[in-house]
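Structure record follows, encoded as structure tokens.
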Amino acid sequence: MSEDQVSTCGPGTGELTLDGSVPVVEITGLWTKYGRTVVHQDLNLEIEQGEIMSIVGGSGTGKTTLLRQMLGLEHPARGCVRVFGEDISEIASDQLQQLRNHWGMLFQQGALYSALTVFENIAQPMRELHVLPEDLVHDAVLLKMNMVGLGPEHANKMPSDLSGGMVKRVALARALALEPKLLFLDEPTAGLDPDLSEAFVALIKSLHRELGLTVVMVTHDLDTLFALSTRIAVLAEKHVIALGPLADLLKVDHPFIKEFFLGDRGRRALEALEEKTSTEK
Ligand SMILES: Nc1ncnc2c1ncn2[C@@H]1O[C@H](COP(=O)(O)OP(=O)(O)OP(=O)(O)O)[C@@H](O)[C@H]1O
Ligand SMILES: [Mg+2]
């Protein structure tokens with residue numbers, strides 16, 4: 001951290017807290033700056049164990065940058081970002097490695113290594129640990145493939161031979177390779193047609209339930225947002241202007257929130273959600 005960057009976390013315990021007794025992510029008074037551009041100004045956000053927290057906001061409001069702060073890829077100009085109780089910008093490198101083993105990431109771009117097979121892509125995070133014997137890696141990869149609905153017949157395929165939906169499934173299997181407690185999703189359904197998107201949302205929902213994951217997701221897709229979110233954080237004016245379950249946000253009187261949730265797109269997605277929940281009952 002350089003001199004113009006000030007972490008205000010104070011000392012931690014030096015140990016990751018994985019039992020849910022502290023928020024999985026705790027952001028207080030965060031400022032992010034690029035030169036003179038202020039992206040986040042006094043931003044606060046807490047993410048509790050087991051929830052699916054979605055982050056929404058207009059283009060350029062700093063959603064991806066906020067994810068990057070949580071991953072330790074950006075540093076606060078001021079403020080504090082704790083993950084599993086530890087200050088991510090002050091963390092020792094061996095602990096950062098340990099932390100990385102507890103989270104998985106699914107990014108929109110560059111999701112897979114194009115020169116590696118499906119099997120090799122999923123095996124790669126396991127092999128990097130250098131502790132698992134090859135036969136266990138083999139079994140674990142097939143297990144993860146099964147978890148995301150991919151049969152073993154796909155193991156030797158190259159990414160270029162897969163459909164968009166399958167690429168996402170392989171990327172998800174890889175994100176889950178080390179059995180993370182925390183999963184980051186950046187636009188998980190971008191580029192998928194509505195049917196594939198719906199199937200992928202159902203998959204994330206069931207994995208979230210079965211594995212007890214905490215999920216942090218950025219999405220523009222309202223159907224995905226409504227189907228998955230436990231709570232939604234709305235980013236505007238450089239900070240979180242509203243936070244809560246969908247039902248609470250619908251009552252917030254703010255021009256961006258009104259347009260986002262109750263504009264044409266929002267209304268259509270809400271109608272679809274209502275239809276879906278009434279047929280599920
Ligand atoms: N490395 C960087 N250097 C300078 N400015 C940056 C950098 N990364 C992001 N920014 C700026 O920070 C702001 C927030 O960017 P960010 O990518 O987080 O927005 P976003 O909310 O994810 O937008 P989108 O919805 O379009 O993906 C933008 O104004 C962007 O130009
Ligand atoms: Mg972005």
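In the structure tokens, the first chain shown is A, the next is B, and so on; residue numbers restart at 1 for each chain, and ligands run from 1 in the order shown.
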
Distance query His138 of chain A at most 10 Å, only C-alpha atoms, self and fewer than 4 positions along chain excluded, as a ChimeraX atom specification: /A:119-120,122-123,126,132-134,142-143

Let's have the selection written as an mmCIF file, in the first residue's frame, with C-alpha atoms.
```cif
data_model
loop_
_atom_site.group_PDB
_atom_site.id
_atom_site.type_symbol
_atom_site.label_atom_id
_atom_site.label_comp_id
_atom_site.auth_asym_id
_atom_site.auth_seq_id
_atom_site.Cartn_x
_atom_site.Cartn_y
_atom_site.Cartn_z
ATOM 1 C CA PHE A 119 -10.907 -31.427 -17.736
ATOM 2 C CA GLU A 120 -7.640 -29.480 -17.574
ATOM 3 C CA ILE A 122 -11.297 -27.519 -14.001
ATOM 4 C CA ALA A 123 -8.240 -29.392 -12.690
ATOM 5 C CA MET A 126 -6.583 -28.096 -7.802
ATOM 6 C CA LEU A 132 -3.806 -33.550 -4.275
ATOM 7 C CA PRO A 133 -2.639 -36.786 -5.889
ATOM 8 C CA GLU A 134 -3.616 -37.081 -9.541
ATOM 9 C CA LEU A 142 -15.618 -35.446 -12.676
ATOM 10 C CA LEU A 143 -17.569 -34.680 -9.526
#
```

DSSP helix (DSSP H, G or I) selection over segment 51-233 of chain A, as a PyMOL selection string: chain A and resi 63-70+93-100+118-128+134-147+152-154+159-161+164-175+194-211+222-228

Can I get the selected residues back with C-alpha atoms, as an mmCIF file, in the first residue's frame?
```cif
data_model
loop_
_atom_site.group_PDB
_atom_site.id
_atom_site.type_symbol
_atom_site.label_atom_id
_atom_site.label_comp_id
_atom_site.auth_asym_id
_atom_site.auth_seq_id
_atom_site.Cartn_x
_atom_site.Cartn_y
_atom_site.Cartn_z
ATOM 1 C CA LYS A 63 -19.570 -2.206 -9.700
ATOM 2 C CA THR A 64 -16.675 -4.134 -11.209
ATOM 3 C CA THR A 65 -14.241 -1.948 -9.295
ATOM 4 C CA LEU A 66 -16.077 -2.830 -6.093
ATOM 5 C CA LEU A 67 -15.704 -6.551 -6.858
ATOM 6 C CA ARG A 68 -12.028 -5.926 -7.545
ATOM 7 C CA GLN A 69 -11.711 -4.248 -4.132
ATOM 8 C CA MET A 70 -13.174 -7.357 -2.503
ATOM 9 C CA SER A 93 0.789 -13.141 1.065
ATOM 10 C CA ASP A 94 0.422 -16.645 2.511
ATOM 11 C CA GLN A 95 -2.909 -15.629 3.990
ATOM 12 C CA LEU A 96 -4.017 -14.114 0.697
ATOM 13 C CA GLN A 97 -3.284 -17.459 -0.922
ATOM 14 C CA GLN A 98 -5.342 -19.171 1.762
ATOM 15 C CA LEU A 99 -8.128 -16.674 1.140
ATOM 16 C CA ARG A 100 -8.045 -17.354 -2.590
ATOM 17 C CA VAL A 118 -12.569 -28.972 -20.134
ATOM 18 C CA PHE A 119 -10.907 -31.427 -17.736
ATOM 19 C CA GLU A 120 -7.640 -29.480 -17.574
ATOM 20 C CA ASN A 121 -9.465 -26.195 -17.061
ATOM 21 C CA ILE A 122 -11.297 -27.519 -14.001
ATOM 22 C CA ALA A 123 -8.240 -29.392 -12.690
ATOM 23 C CA GLN A 124 -5.970 -26.340 -12.875
ATOM 24 C CA PRO A 125 -6.874 -24.693 -9.510
ATOM 25 C CA MET A 126 -6.583 -28.096 -7.802
ATOM 26 C CA ARG A 127 -3.184 -28.793 -9.326
ATOM 27 C CA GLU A 128 -1.914 -25.358 -8.291
ATOM 28 C CA GLU A 134 -3.616 -37.081 -9.541
ATOM 29 C CA ASP A 135 -6.235 -39.792 -9.007
ATOM 30 C CA LEU A 136 -8.054 -37.566 -6.527
ATOM 31 C CA VAL A 137 -7.873 -34.615 -8.933
ATOM 32 C CA HIS A 138 -9.405 -36.859 -11.583
ATOM 33 C CA ASP A 139 -12.312 -37.893 -9.361
ATOM 34 C CA ALA A 140 -12.835 -34.350 -8.089
ATOM 35 C CA VAL A 141 -12.983 -32.914 -11.632
ATOM 36 C CA LEU A 142 -15.618 -35.446 -12.676
ATOM 37 C CA LEU A 143 -17.569 -34.680 -9.526
ATOM 38 C CA LYS A 144 -17.542 -30.943 -10.275
ATOM 39 C CA MET A 145 -18.571 -31.606 -13.870
ATOM 40 C CA ASN A 146 -21.468 -33.685 -12.607
ATOM 41 C CA MET A 147 -22.402 -30.913 -10.179
ATOM 42 C CA PRO A 152 -17.810 -37.180 -18.433
ATOM 43 C CA GLU A 153 -18.077 -37.352 -22.242
ATOM 44 C CA HIS A 154 -17.297 -33.610 -22.308
ATOM 45 C CA PRO A 159 -13.523 -24.696 -25.090
ATOM 46 C CA SER A 160 -13.978 -23.789 -28.770
ATOM 47 C CA ASP A 161 -16.144 -26.904 -29.202
ATOM 48 C CA GLY A 164 -21.989 -20.602 -24.630
ATOM 49 C CA GLY A 165 -24.035 -22.281 -21.912
ATOM 50 C CA MET A 166 -21.514 -25.100 -21.571
ATOM 51 C CA VAL A 167 -18.600 -22.653 -21.322
ATOM 52 C CA LYS A 168 -20.389 -21.000 -18.403
ATOM 53 C CA ARG A 169 -20.920 -24.388 -16.743
ATOM 54 C CA VAL A 170 -17.267 -25.331 -17.100
ATOM 55 C CA ALA A 171 -16.225 -21.927 -15.734
ATOM 56 C CA LEU A 172 -18.584 -22.441 -12.806
ATOM 57 C CA ALA A 173 -17.160 -25.932 -12.182
ATOM 58 C CA ARG A 174 -13.710 -24.383 -12.131
ATOM 59 C CA ALA A 175 -14.818 -21.619 -9.757
ATOM 60 C CA PRO A 194 -33.186 -16.670 -22.273
ATOM 61 C CA ASP A 195 -33.565 -20.461 -21.969
ATOM 62 C CA LEU A 196 -29.890 -21.055 -21.218
ATOM 63 C CA SER A 197 -29.911 -18.114 -18.887
ATOM 64 C CA GLU A 198 -32.850 -19.514 -16.947
ATOM 65 C CA ALA A 199 -31.188 -22.933 -16.694
ATOM 66 C CA PHE A 200 -27.959 -21.342 -15.462
ATOM 67 C CA VAL A 201 -29.839 -19.331 -12.841
ATOM 68 C CA ALA A 202 -31.545 -22.534 -11.643
ATOM 69 C CA LEU A 203 -28.125 -24.178 -11.394
ATOM 70 C CA ILE A 204 -26.673 -21.330 -9.322
ATOM 71 C CA LYS A 205 -29.744 -21.415 -7.102
ATOM 72 C CA SER A 206 -29.436 -25.124 -6.377
ATOM 73 C CA LEU A 207 -25.671 -24.953 -5.813
ATOM 74 C CA HIS A 208 -26.132 -22.012 -3.475
ATOM 75 C CA ARG A 209 -28.626 -24.053 -1.478
ATOM 76 C CA GLU A 210 -26.669 -27.309 -1.477
ATOM 77 C CA LEU A 211 -23.238 -25.871 -0.789
ATOM 78 C CA LEU A 222 -33.242 -8.258 -14.223
ATOM 79 C CA ASP A 223 -34.577 -11.809 -14.498
ATOM 80 C CA THR A 224 -31.315 -13.130 -13.034
ATOM 81 C CA LEU A 225 -31.357 -10.415 -10.389
ATOM 82 C CA PHE A 226 -34.925 -11.078 -9.293
ATOM 83 C CA ALA A 227 -34.582 -14.855 -9.362
ATOM 84 C CA LEU A 228 -31.436 -15.042 -7.238
#
```

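With atom CA of Pro255 of chain A on one side and atom CA of Ile55 of chain A on the other, the separation reads 17.2 Å.
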
Using only C-alpha atoms and all ligand atoms: which of A:Ile88, A:Val218, A:Leu183, A:Leu176 has the shortest distance to ligand 2: A:Val218

Pull the closest atom pair for each residue of chain A that gets at most 9 Å from ligand 1, along with the distance in Å to one decimal, counting only C-alpha atoms and all ligand atoms, ordering rows by chain and then ascending residue number, as CSV.
```
residue,atom,partner,partner_atom_place_in_ligand_line,distance
A:Thr32,CA,ligand 1,12 (O),8.6
A:Lys33,CA,ligand 1,5 (N),8.0
A:Tyr34,CA,ligand 1,4 (C),5.0
A:Gly35,CA,ligand 1,4 (C),7.5
A:Thr37,CA,ligand 1,5 (N),7.3
A:Val38,CA,ligand 1,12 (O),7.8
A:Val39,CA,ligand 1,12 (O),5.5
A:His40,CA,ligand 1,14 (C),8.5
A:Val56,CA,ligand 1,21 (O),7.9
A:Gly57,CA,ligand 1,21 (O),6.3
A:Gly58,CA,ligand 1,25 (O),5.9
A:Ser59,CA,ligand 1,25 (O),3.5
A:Gly60,CA,ligand 1,19 (O),3.5
A:Thr61,CA,ligand 1,21 (O),3.9
A:Gly62,CA,ligand 1,18 (O),3.1
A:Lys63,CA,ligand 1,21 (O),3.8
A:Thr64,CA,ligand 1,22 (O),3.8
A:Thr65,CA,ligand 1,18 (O),3.7
A:Leu66,CA,ligand 1,18 (O),6.4
A:Leu67,CA,ligand 1,18 (O),8.1
A:Arg68,CA,ligand 1,18 (O),8.3
A:Glu74,CA,ligand 1,1 (N),8.8
A:Glu187,CA,ligand 1,27 (O),8.9
A:Val218,CA,ligand 1,22 (O),8.2
A:Thr219,CA,ligand 1,25 (O),8.4
A:His220,CA,ligand 1,25 (O),7.5
A:Leu235,CA,ligand 1,21 (O),8.1
```

Those residues with N, CA and C atoms, as a PDB file, in the first residue's frame please?
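Saved to selection_38.pdb:
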```pdb
ATOM      1  N   THR A  32     -12.435   4.893  -3.455  1.00  0.00           N
ATOM      2  CA  THR A  32     -11.582   4.393  -4.535  1.00  0.00           C
ATOM      3  C   THR A  32     -11.325   5.552  -5.482  1.00  0.00           C
ATOM      4  N   LYS A  33     -10.080   5.759  -5.815  1.00  0.00           N
ATOM      5  CA  LYS A  33      -9.744   6.862  -6.723  1.00  0.00           C
ATOM      6  C   LYS A  33      -8.835   6.366  -7.833  1.00  0.00           C
ATOM      7  N   TYR A  34      -9.045   6.894  -9.023  1.00  0.00           N
ATOM      8  CA  TYR A  34      -8.069   6.742 -10.111  1.00  0.00           C
ATOM      9  C   TYR A  34      -7.600   8.147 -10.435  1.00  0.00           C
ATOM     10  N   GLY A  35      -6.418   8.493 -10.027  1.00  0.00           N
ATOM     11  CA  GLY A  35      -5.972   9.877 -10.182  1.00  0.00           C
ATOM     12  C   GLY A  35      -6.954  10.782  -9.464  1.00  0.00           C
ATOM     13  N   THR A  37     -10.125  11.031 -10.374  1.00  0.00           N
ATOM     14  CA  THR A  37     -11.482  10.491 -10.472  1.00  0.00           C
ATOM     15  C   THR A  37     -11.834   9.707  -9.216  1.00  0.00           C
ATOM     16  N   VAL A  38     -12.905  10.134  -8.595  1.00  0.00           N
ATOM     17  CA  VAL A  38     -13.372   9.407  -7.408  1.00  0.00           C
ATOM     18  C   VAL A  38     -14.480   8.444  -7.844  1.00  0.00           C
ATOM     19  N   VAL A  39     -14.233   7.151  -7.651  1.00  0.00           N
ATOM     20  CA  VAL A  39     -15.229   6.148  -8.061  1.00  0.00           C
ATOM     21  C   VAL A  39     -16.143   5.802  -6.886  1.00  0.00           C
ATOM     22  N   HIS A  40     -15.559   5.562  -5.723  1.00  0.00           N
ATOM     23  CA  HIS A  40     -16.360   5.292  -4.523  1.00  0.00           C
ATOM     24  C   HIS A  40     -16.027   6.332  -3.458  1.00  0.00           C
ATOM     25  N   VAL A  56     -26.136  -3.639  -8.222  1.00  0.00           N
ATOM     26  CA  VAL A  56     -26.610  -3.044  -9.474  1.00  0.00           C
ATOM     27  C   VAL A  56     -26.283  -1.554  -9.485  1.00  0.00           C
ATOM     28  N   GLY A  57     -26.342  -0.984 -10.670  1.00  0.00           N
ATOM     29  CA  GLY A  57     -26.073   0.448 -10.798  1.00  0.00           C
ATOM     30  C   GLY A  57     -25.847   0.761 -12.271  1.00  0.00           C
ATOM     31  N   GLY A  58     -25.899   2.029 -12.616  1.00  0.00           N
ATOM     32  CA  GLY A  58     -25.699   2.415 -14.006  1.00  0.00           C
ATOM     33  C   GLY A  58     -24.292   2.054 -14.472  1.00  0.00           C
ATOM     34  N   SER A  59     -24.092   2.148 -15.791  1.00  0.00           N
ATOM     35  CA  SER A  59     -22.776   1.849 -16.343  1.00  0.00           C
ATOM     36  C   SER A  59     -21.741   2.843 -15.793  1.00  0.00           C
ATOM     37  N   GLY A  60     -20.605   2.309 -15.381  1.00  0.00           N
ATOM     38  CA  GLY A  60     -19.529   3.183 -14.902  1.00  0.00           C
ATOM     39  C   GLY A  60     -19.693   3.638 -13.456  1.00  0.00           C
ATOM     40  N   THR A  61     -20.633   3.056 -12.729  1.00  0.00           N
ATOM     41  CA  THR A  61     -20.823   3.476 -11.326  1.00  0.00           C
ATOM     42  C   THR A  61     -19.846   2.788 -10.375  1.00  0.00           C
ATOM     43  N   GLY A  62     -19.061   1.851 -10.888  1.00  0.00           N
ATOM     44  CA  GLY A  62     -18.021   1.264 -10.043  1.00  0.00           C
ATOM     45  C   GLY A  62     -18.354  -0.110  -9.476  1.00  0.00           C
ATOM     46  N   LYS A  63     -19.180  -0.867 -10.183  1.00  0.00           N
ATOM     47  CA  LYS A  63     -19.570  -2.206  -9.700  1.00  0.00           C
ATOM     48  C   LYS A  63     -18.402  -3.187  -9.824  1.00  0.00           C
ATOM     49  N   THR A  64     -17.809  -3.233 -11.008  1.00  0.00           N
ATOM     50  CA  THR A  64     -16.675  -4.134 -11.209  1.00  0.00           C
ATOM     51  C   THR A  64     -15.511  -3.728 -10.302  1.00  0.00           C
ATOM     52  N   THR A  65     -15.303  -2.432 -10.177  1.00  0.00           N
ATOM     53  CA  THR A  65     -14.241  -1.948  -9.295  1.00  0.00           C
ATOM     54  C   THR A  65     -14.491  -2.382  -7.851  1.00  0.00           C
ATOM     55  N   LEU A  66     -15.745  -2.399  -7.457  1.00  0.00           N
ATOM     56  CA  LEU A  66     -16.077  -2.830  -6.093  1.00  0.00           C
ATOM     57  C   LEU A  66     -15.752  -4.323  -5.911  1.00  0.00           C
ATOM     58  N   LEU A  67     -16.092  -5.132  -6.913  1.00  0.00           N
ATOM     59  CA  LEU A  67     -15.704  -6.551  -6.858  1.00  0.00           C
ATOM     60  C   LEU A  67     -14.192  -6.671  -6.760  1.00  0.00           C
ATOM     61  N   ARG A  68     -13.495  -5.876  -7.555  1.00  0.00           N
ATOM     62  CA  ARG A  68     -12.028  -5.926  -7.545  1.00  0.00           C
ATOM     63  C   ARG A  68     -11.461  -5.529  -6.175  1.00  0.00           C
ATOM     64  N   GLU A  74      -7.727  -4.143  -6.229  1.00  0.00           N
ATOM     65  CA  GLU A  74      -7.600  -2.686  -6.117  1.00  0.00           C
ATOM     66  C   GLU A  74      -7.353  -2.383  -4.642  1.00  0.00           C
ATOM     67  N   GLU A 187     -21.688 -10.647 -14.032  1.00  0.00           N
ATOM     68  CA  GLU A 187     -22.584 -10.842 -15.186  1.00  0.00           C
ATOM     69  C   GLU A 187     -22.668 -12.317 -15.596  1.00  0.00           C
ATOM     70  N   VAL A 218     -22.693  -9.284  -9.710  1.00  0.00           N
ATOM     71  CA  VAL A 218     -23.013  -8.065 -10.455  1.00  0.00           C
ATOM     72  C   VAL A 218     -23.808  -8.503 -11.674  1.00  0.00           C
ATOM     73  N   THR A 219     -24.970  -7.923 -11.874  1.00  0.00           N
ATOM     74  CA  THR A 219     -25.707  -8.283 -13.088  1.00  0.00           C
ATOM     75  C   THR A 219     -26.568  -7.129 -13.599  1.00  0.00           C
ATOM     76  N   HIS A 220     -26.682  -7.069 -14.917  1.00  0.00           N
ATOM     77  CA  HIS A 220     -27.600  -6.125 -15.554  1.00  0.00           C
ATOM     78  C   HIS A 220     -28.935  -6.804 -15.836  1.00  0.00           C
ATOM     79  N   LEU A 235     -25.868   0.904  -6.411  1.00  0.00           N
ATOM     80  CA  LEU A 235     -24.735   1.813  -6.423  1.00  0.00           C
ATOM     81  C   LEU A 235     -25.090   3.042  -7.264  1.00  0.00           C
TER      82      LEU A 235
END
```

Best match for closeness to Asn44 of chain A among A:Pro180, A:Gly191, A:Gly20, A:Gly79, counting only C-alpha atoms: A:Gly79

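If you look at atom CA of Asp221 of chain A and atom CA of Asp264 of chain A, they are 13.3 Å away from each other.
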
Distance criterion (only C-alpha atoms and all ligand atoms): nearest to ligand 2 out of A:Phe84, A:Phe261, A:Phe256, A:Phe107: A:Phe107

Shell around Val252 of chain A at 12 Å using only C-alpha atoms, local window under 4 positions removed, as a list of chain:residue names: A:Val234, A:Ile241, A:Ala242, A:Leu243, A:Gly244, A:Pro245, A:Leu246, A:Ala247, A:Asp248, A:Phe256, A:Ile257, A:Lys258, A:Glu259, A:Phe260, A:Phe261, A:Leu262

Write the residues of the preceding selection, restricted to C-alpha atoms, as a PDB file, in the first residue's frame.
```pdb
ATOM      1  CA  VAL A 234     -27.834  -0.142  -5.495  1.00  0.00           C
ATOM      2  CA  ILE A 241     -27.734   4.461  -1.929  1.00  0.00           C
ATOM      3  CA  ALA A 242     -30.115   1.637  -1.059  1.00  0.00           C
ATOM      4  CA  LEU A 243     -29.784  -1.896   0.203  1.00  0.00           C
ATOM      5  CA  GLY A 244     -32.342  -4.553   0.889  1.00  0.00           C
ATOM      6  CA  PRO A 245     -34.560  -7.268  -0.504  1.00  0.00           C
ATOM      7  CA  LEU A 246     -36.355  -6.469  -3.752  1.00  0.00           C
ATOM      8  CA  ALA A 247     -39.663  -5.727  -2.005  1.00  0.00           C
ATOM      9  CA  ASP A 248     -38.009  -2.977   0.057  1.00  0.00           C
ATOM     10  CA  PHE A 256     -32.461   5.647 -10.670  1.00  0.00           C
ATOM     11  CA  ILE A 257     -34.202   3.033  -8.535  1.00  0.00           C
ATOM     12  CA  LYS A 258     -37.637   3.925  -9.923  1.00  0.00           C
ATOM     13  CA  GLU A 259     -36.399   3.723 -13.499  1.00  0.00           C
ATOM     14  CA  PHE A 260     -34.373   0.556 -12.932  1.00  0.00           C
ATOM     15  CA  PHE A 261     -37.038  -1.494 -11.189  1.00  0.00           C
ATOM     16  CA  LEU A 262     -40.227   0.098 -12.445  1.00  0.00           C
TER      17      LEU A 262
END
```

Nearest to Thr8 of chain A by atom-to-atom distance, counting only C-alpha atoms, from A:Leu213, A:Ile47, A:Ala77, A:Ala272: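 Nearest candidate to Thr8 of chain A out of A:Leu213, A:Ile47, A:Ala77, A:Ala272: A:Ala77.
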
Per-residue DSSP, segment 24-261 of chain A, filtered to strand (DSSP E), as a ChimeraX atom specification: /A:25-34,37-47,52-57,78-83,86-87,103-106,182-186,214-218,231-236,239-244

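Of the listed residues A:Leu18, A:Leu185, A:Leu249, A:Leu273, the one whose atoms come nearest to ligand 2 is A:Leu185, with distances taken using only C-alpha atoms and all ligand atoms.
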
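Each of A:Val83, A:Glu15, A:Gln108, A:Lys238 was checked against Leu192 of chain A using only C-alpha atoms; the smallest atom-to-atom distance is that of A:Gln108.
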